[in-house]
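Engineer: Structure file data_23.txt (compact mmCIF, C-alpha atoms and all ligand atoms) is given on the next line.
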# COMPACT_ATOMS: atom_id res chain seq x y z
CA MET A 253 3.45 -5.13 -64.37
CA ASN A 254 0.12 -3.29 -64.14
CA GLY A 255 -0.52 0.21 -62.82
CA PRO A 256 0.59 3.76 -63.61
CA ALA A 257 3.88 4.07 -65.53
CA LYS A 258 5.27 6.49 -62.95
CA LEU A 259 4.64 4.01 -60.14
CA GLN A 260 6.27 1.23 -62.16
CA GLU A 261 9.29 3.47 -62.65
CA LEU A 262 9.45 4.34 -58.94
CA PHE A 263 9.20 0.65 -58.03
CA VAL A 264 12.10 -0.33 -60.32
CA GLU A 265 14.22 2.58 -59.04
CA GLY A 266 13.38 1.57 -55.46
CA LEU A 267 14.41 -2.02 -56.14
CA LYS A 268 17.70 -0.84 -57.64
CA ASP A 269 18.31 1.35 -54.58
CA ALA A 270 17.52 -1.59 -52.31
CA PHE A 271 19.90 -3.82 -54.29
CA PHE A 272 22.81 -1.38 -54.06
CA ALA A 273 22.03 -0.64 -50.41
CA GLN A 274 22.07 -4.37 -49.63
CA LYS A 275 25.53 -4.69 -51.18
CA LEU A 276 26.71 -1.86 -48.95
CA VAL A 277 25.04 -3.44 -45.92
CA LEU A 278 26.83 -6.74 -46.65
CA ARG A 279 30.19 -4.96 -46.50
CA SER A 280 29.18 -3.03 -43.37
CA LEU A 281 28.00 -6.15 -41.54
CA LYS A 282 31.28 -7.93 -42.33
CA LYS A 283 33.20 -4.96 -40.94
CA MET A 284 31.00 -4.73 -37.82
CA ALA A 285 31.43 -8.47 -37.20
CA THR A 286 35.23 -8.06 -37.15
CA GLN A 287 34.90 -5.13 -34.71
CA ALA A 288 32.43 -6.78 -32.31
CA ILE A 289 33.97 -7.75 -28.99
CA SER A 290 31.56 -10.39 -27.74
CA ALA A 291 31.22 -13.71 -29.55
CA GLU A 292 27.44 -13.38 -29.14
CA LEU A 293 27.21 -10.09 -31.06
CA ARG A 294 29.67 -11.34 -33.69
CA ALA A 295 27.53 -14.45 -34.22
CA ALA A 296 24.37 -12.32 -34.51
CA LEU A 297 26.01 -10.07 -37.10
CA GLU A 298 27.27 -13.06 -39.06
CA ALA A 299 23.83 -14.68 -38.94
CA HIS A 300 22.29 -11.50 -40.32
CA LEU A 301 24.99 -11.44 -42.98
CA GLY A 302 23.67 -14.80 -44.22
CA GLU A 303 20.13 -13.46 -44.09
CA THR A 304 21.19 -10.38 -46.06
CA GLN A 305 22.70 -12.57 -48.78
CA ARG A 306 19.34 -14.33 -49.10
CA GLN A 307 17.63 -10.92 -49.26
CA VAL A 308 19.85 -10.01 -52.23
CA GLU A 309 18.81 -13.29 -53.89
CA ARG A 310 15.14 -12.35 -53.39
CA LEU A 311 15.76 -9.04 -55.15
CA LEU A 312 17.39 -10.92 -58.02
CA ARG A 313 14.31 -13.16 -58.28
CA ILE A 314 12.11 -10.08 -58.48
CA PHE A 315 14.28 -8.65 -61.26
CA ASP A 316 14.00 -12.01 -63.06
CA GLU A 317 10.25 -11.67 -62.84
CA ILE A 318 9.80 -8.04 -63.91
CA GLY A 319 12.79 -7.74 -66.25
CA TRP A 320 16.29 -6.48 -65.64
CA PRO A 321 16.91 -2.73 -65.68
CA ASP A 322 20.13 -1.29 -67.11
CA GLU A 323 22.92 -0.16 -64.75
CA ILE A 324 22.35 -2.91 -62.22
CA ASP A 325 25.99 -4.01 -62.42
CA ASP A 326 27.27 -0.58 -61.41
CA PRO A 327 29.36 -0.43 -58.29
CA VAL A 328 27.68 0.99 -55.20
CA ARG A 329 26.72 4.57 -55.89
CA GLY A 330 27.28 7.12 -53.19
CA GLU A 331 24.51 9.60 -52.85
CA THR A 332 21.53 7.32 -52.24
CA TYR A 333 23.15 5.61 -49.29
CA ASP A 334 24.49 8.50 -47.32
CA ALA A 335 22.40 7.39 -44.35
CA ILE A 336 24.12 4.00 -44.18
CA VAL A 337 27.58 5.40 -44.90
CA ASP A 338 27.13 7.99 -42.13
CA VAL A 339 26.09 5.33 -39.63
CA VAL A 340 29.13 3.19 -40.44
CA ASP A 341 31.51 6.18 -40.27
CA ASP A 342 30.08 7.31 -36.94
CA THR A 343 30.44 3.76 -35.61
CA ARG A 344 34.10 3.64 -36.55
CA GLN A 345 34.79 6.98 -34.87
CA ALA A 346 32.89 5.96 -31.74
CA ILE A 347 34.82 2.68 -31.51
CA ASP A 348 38.09 4.63 -31.65
CA ALA A 349 36.88 6.94 -28.87
CA LEU A 350 35.32 4.40 -26.52
CA LEU A 351 37.17 2.59 -23.82
CA GLY A 352 35.46 -0.63 -22.88
CA PRO A 353 34.11 -3.73 -24.64
CA HIS A 354 30.47 -3.20 -23.61
CA ALA A 355 30.54 0.39 -24.86
CA ILE A 356 31.95 -0.76 -28.20
CA ASP A 357 29.41 -3.57 -28.56
CA SER A 358 26.62 -1.20 -27.63
CA VAL A 359 27.61 1.22 -30.40
CA ILE A 360 27.99 -1.57 -32.99
CA ALA A 361 24.61 -3.08 -32.10
CA ALA A 362 22.93 0.35 -32.20
CA SER A 363 24.46 0.97 -35.63
CA ALA A 364 23.24 -2.39 -36.92
CA GLN A 365 19.81 -1.49 -35.54
CA ALA A 366 19.87 1.88 -37.36
CA VAL A 367 20.70 0.17 -40.66
CA GLN A 368 17.74 -2.22 -40.18
CA ARG A 369 15.42 0.73 -39.55
CA TYR A 370 16.54 2.33 -42.80
CA GLN A 371 15.85 -0.90 -44.66
CA ILE A 372 12.47 -1.43 -42.98
CA ALA A 373 11.38 2.00 -44.23
CA ARG A 374 12.59 1.22 -47.75
CA TYR A 375 11.11 -2.27 -47.95
CA GLY A 376 7.82 -1.15 -46.43
CA LEU A 377 7.40 1.26 -49.32
CA LEU A 378 8.44 -1.33 -51.90
CA ARG A 379 5.95 -3.86 -50.55
CA ALA A 380 3.12 -1.31 -50.79
CA TRP A 381 4.11 -0.41 -54.36
CA ALA A 382 4.37 -4.08 -55.38
CA GLN A 383 0.83 -4.63 -54.08
CA GLN A 384 -0.41 -1.56 -55.96
CA LEU A 385 1.17 -2.88 -59.16
CA GLY A 386 -0.37 -6.33 -58.75
CA LEU A 387 3.04 -7.97 -58.29
CA LEU A 388 1.92 -10.37 -55.63
CA ASN A 389 4.95 -12.67 -55.76
CA ALA A 390 7.28 -9.67 -55.47
CA ALA A 391 5.18 -8.35 -52.56
CA ARG A 392 5.47 -11.75 -50.85
CA LEU A 393 9.27 -11.86 -51.30
CA ILE A 394 9.64 -8.30 -50.04
CA ASN A 395 7.44 -9.15 -47.09
CA GLU A 396 9.76 -12.05 -46.13
CA THR A 397 12.69 -9.62 -46.11
CA LEU A 398 10.67 -7.10 -44.14
CA GLN A 399 9.89 -9.70 -41.46
CA GLU A 400 13.59 -10.57 -41.15
CA GLU A 401 14.59 -6.93 -40.94
CA THR A 402 11.97 -6.29 -38.26
CA ARG A 403 13.23 -9.23 -36.16
CA SER A 404 16.85 -8.10 -36.62
CA GLU A 405 16.03 -4.51 -35.70
CA ARG A 406 14.51 -5.71 -32.42
CA MET A 407 17.38 -8.11 -31.69
CA PHE A 408 20.14 -5.54 -32.32
CA GLY A 409 18.20 -3.00 -30.25
CA GLN A 410 18.14 -5.44 -27.33
CA PHE A 411 21.88 -6.05 -27.71
CA ALA A 412 22.50 -2.30 -27.66
CA ASP A 413 20.37 -1.76 -24.54
CA ARG A 414 21.88 -4.71 -22.68
CA ASN A 415 25.42 -3.56 -23.36
CA LEU A 416 24.61 0.02 -22.46
CA GLU A 417 23.37 -1.18 -19.06
CA ARG A 418 26.66 -3.05 -18.59
CA VAL A 419 28.61 0.08 -19.56
CA GLN A 420 26.97 1.95 -16.72
CA VAL A 421 28.04 -0.73 -14.25
CA CYS A 422 31.42 -1.86 -15.59
CA GLU A 423 32.80 0.98 -17.73
CA PRO A 424 31.87 4.30 -16.14
CA ALA A 425 34.66 6.08 -18.04
CA SER A 426 33.08 5.13 -21.36
CA PHE A 427 29.69 6.10 -20.08
CA ALA A 428 30.94 9.53 -19.02
CA LEU A 429 32.44 9.96 -22.49
CA ALA A 430 29.22 8.95 -24.21
CA SER A 431 26.90 11.16 -22.15
FE FE A 501 19.15 -6.19 -42.65
Show me the file's structure as structure tokens.
Ligand SMILES: [Fe+2]
Structural biologist:
Amino acid sequence: MNGPAKLQELFVEGLKDAFFAQKLVLRSLKKMATQAISAELRAALEAHLGETQRQVERLLRIFDEIGWPDEIDDPVRGETYDAIVDVVDDTRQAIDALLGPHAIDSVIAASAQAVQRYQIARYGLLRAWAQQLGLLNAARLINETLQEETRSERMFGQFADRNLERVQVCEPASFALAS
């Protein structure tokens, strides 16, 4: 790795954060897939679950390349991932409160979209740092993940919007609750 020591340190810490966050996202996606009402949304969540597993493998390849930091086998640590934990908690509470299937699917899809946005921000930074450090293979791997996350963010956003439109037509009670 070339470049300033502080940037190298930030990059490794960022990769560790991304690794632990991905583990949390894997659990969250599994949970969301069991809660989804429509087979279409469930299939989309399960497909992204497979993609997320491959994203974890990419991170492992980067660690192979740059050397393994200590602590990587720790269980998921809380504080760094409050954003994801909050999204999942809010989703669960909303599902309990909502009345109809389209309202529930809309909330799940919007939550999945929010998680992708979080990861896009993280991976965007990591890609820039990898480029700065001359880690071109790492930058390429991170870029592949970033492209997947960007596609998923758009797809889950469309799911959320489509279901929200159906809520307004089919489930006015849920809509009144949500507004
Ligand atoms: Fe993702």
Engineer: Please tabulate, as CSV, the residues of chain A that come within 10 Å of ligand FE 501 (chain A), each with its closest pair of atoms and the distance in Å to one decimal, counting all atoms listed in the file and ordering rows by chain, then residue number upward.
Structural biologist:
residue,atom,partner,partner_atom,distance
A:Ala273,CA,A:FE501,FE,10.0
A:Gln274,CA,A:FE501,FE,7.8
A:Val277,CA,A:FE501,FE,7.3
A:Leu278,CA,A:FE501,FE,8.7
A:Leu281,CA,A:FE501,FE,8.9
A:Leu297,CA,A:FE501,FE,9.6
A:His300,CA,A:FE501,FE,6.6
A:Leu301,CA,A:FE501,FE,7.9
A:Gly302,CA,A:FE501,FE,9.9
A:Glu303,CA,A:FE501,FE,7.5
A:Thr304,CA,A:FE501,FE,5.8
A:Gln305,CA,A:FE501,FE,9.5
A:Gln307,CA,A:FE501,FE,8.3
A:Ala364,CA,A:FE501,FE,8.0
A:Gln365,CA,A:FE501,FE,8.5
A:Ala366,CA,A:FE501,FE,9.7
A:Val367,CA,A:FE501,FE,6.8
A:Gln368,CA,A:FE501,FE,4.9
A:Arg369,CA,A:FE501,FE,8.5
A:Tyr370,CA,A:FE501,FE,8.9
A:Gln371,CA,A:FE501,FE,6.6
A:Ile372,CA,A:FE501,FE,8.2
A:Thr397,CA,A:FE501,FE,8.1
A:Leu398,CA,A:FE501,FE,8.7
A:Gln399,CA,A:FE501,FE,10.0
A:Glu400,CA,A:FE501,FE,7.2
A:Glu401,CA,A:FE501,FE,4.9
A:Thr402,CA,A:FE501,FE,8.4
A:Arg403,CA,A:FE501,FE,9.3
A:Ser404,CA,A:FE501,FE,6.7
A:Glu405,CA,A:FE501,FE,7.8
Engineer: For the selection just defined, write its residues with C-alpha atoms to a file, as a CSV table (one decimal), keeping the file's coordinate frame.
Structural biologist:
chain,number,residue,atom,x,y,z
A,273,ALA,CA,22.0,-0.6,-50.4
A,274,GLN,CA,22.1,-4.4,-49.6
A,277,VAL,CA,25.0,-3.4,-45.9
A,278,LEU,CA,26.8,-6.7,-46.6
A,281,LEU,CA,28.0,-6.2,-41.5
A,297,LEU,CA,26.0,-10.1,-37.1
A,300,HIS,CA,22.3,-11.5,-40.3
A,301,LEU,CA,25.0,-11.4,-43.0
A,302,GLY,CA,23.7,-14.8,-44.2
A,303,GLU,CA,20.1,-13.5,-44.1
A,304,THR,CA,21.2,-10.4,-46.1
A,305,GLN,CA,22.7,-12.6,-48.8
A,307,GLN,CA,17.6,-10.9,-49.3
A,364,ALA,CA,23.2,-2.4,-36.9
A,365,GLN,CA,19.8,-1.5,-35.5
A,366,ALA,CA,19.9,1.9,-37.4
A,367,VAL,CA,20.7,0.2,-40.7
A,368,GLN,CA,17.7,-2.2,-40.2
A,369,ARG,CA,15.4,0.7,-39.6
A,370,TYR,CA,16.5,2.3,-42.8
A,371,GLN,CA,15.8,-0.9,-44.7
A,372,ILE,CA,12.5,-1.4,-43.0
A,397,THR,CA,12.7,-9.6,-46.1
A,398,LEU,CA,10.7,-7.1,-44.1
A,399,GLN,CA,9.9,-9.7,-41.5
A,400,GLU,CA,13.6,-10.6,-41.2
A,401,GLU,CA,14.6,-6.9,-40.9
A,402,THR,CA,12.0,-6.3,-38.3
A,403,ARG,CA,13.2,-9.2,-36.2
A,404,SER,CA,16.8,-8.1,-36.6
A,405,GLU,CA,16.0,-4.5,-35.7
Engineer: Which one is closest to Arg344 (chain A): A:Lys283, A:Lys268, A:Arg310, A:Arg414? Count only C-alpha atoms.
Structural biologist: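 Answer, going by the shortest atom-to-atom distance: A:Lys283.
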Engineer: Identify which of the residues A:Asp338, A:Glu261, A:Asp269, A:Asp348 lies closest to Tyr375 (chain A), counting only C-alpha atoms when measuring atom-to-atom distances.
Structural biologist: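 For Tyr375 (chain A), the nearest of the candidates is A:Asp269.
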Engineer: May I have the residues within 10 Å of Glu317 (chain A) as a count of residues only, using all atoms listed in the file and disregarding those fewer than 5 positions away in the same chain?
Structural biologist: 6
Engineer: Check the smallest atom-to-atom distance from each of A:Ala355, A:Ile347, A:Ala296, A:Ala425 to Ala412 (chain A) using all atoms listed in the file, then report the winner.
Structural biologist: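 Comparing A:Ala355, A:Ile347, A:Ala296, A:Ala425 against Ala412 (chain A), the winner is A:Ala355.
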Engineer: What's around Ile289 (chain A) at 9 Å? Count all atoms listed in the file, leave out sequence neighbours fewer than 4 positions away in its own chain, and write the answer as a PyMOL selection string.
Structural biologist: chain A and resi 285+293-294+353-354+356-357
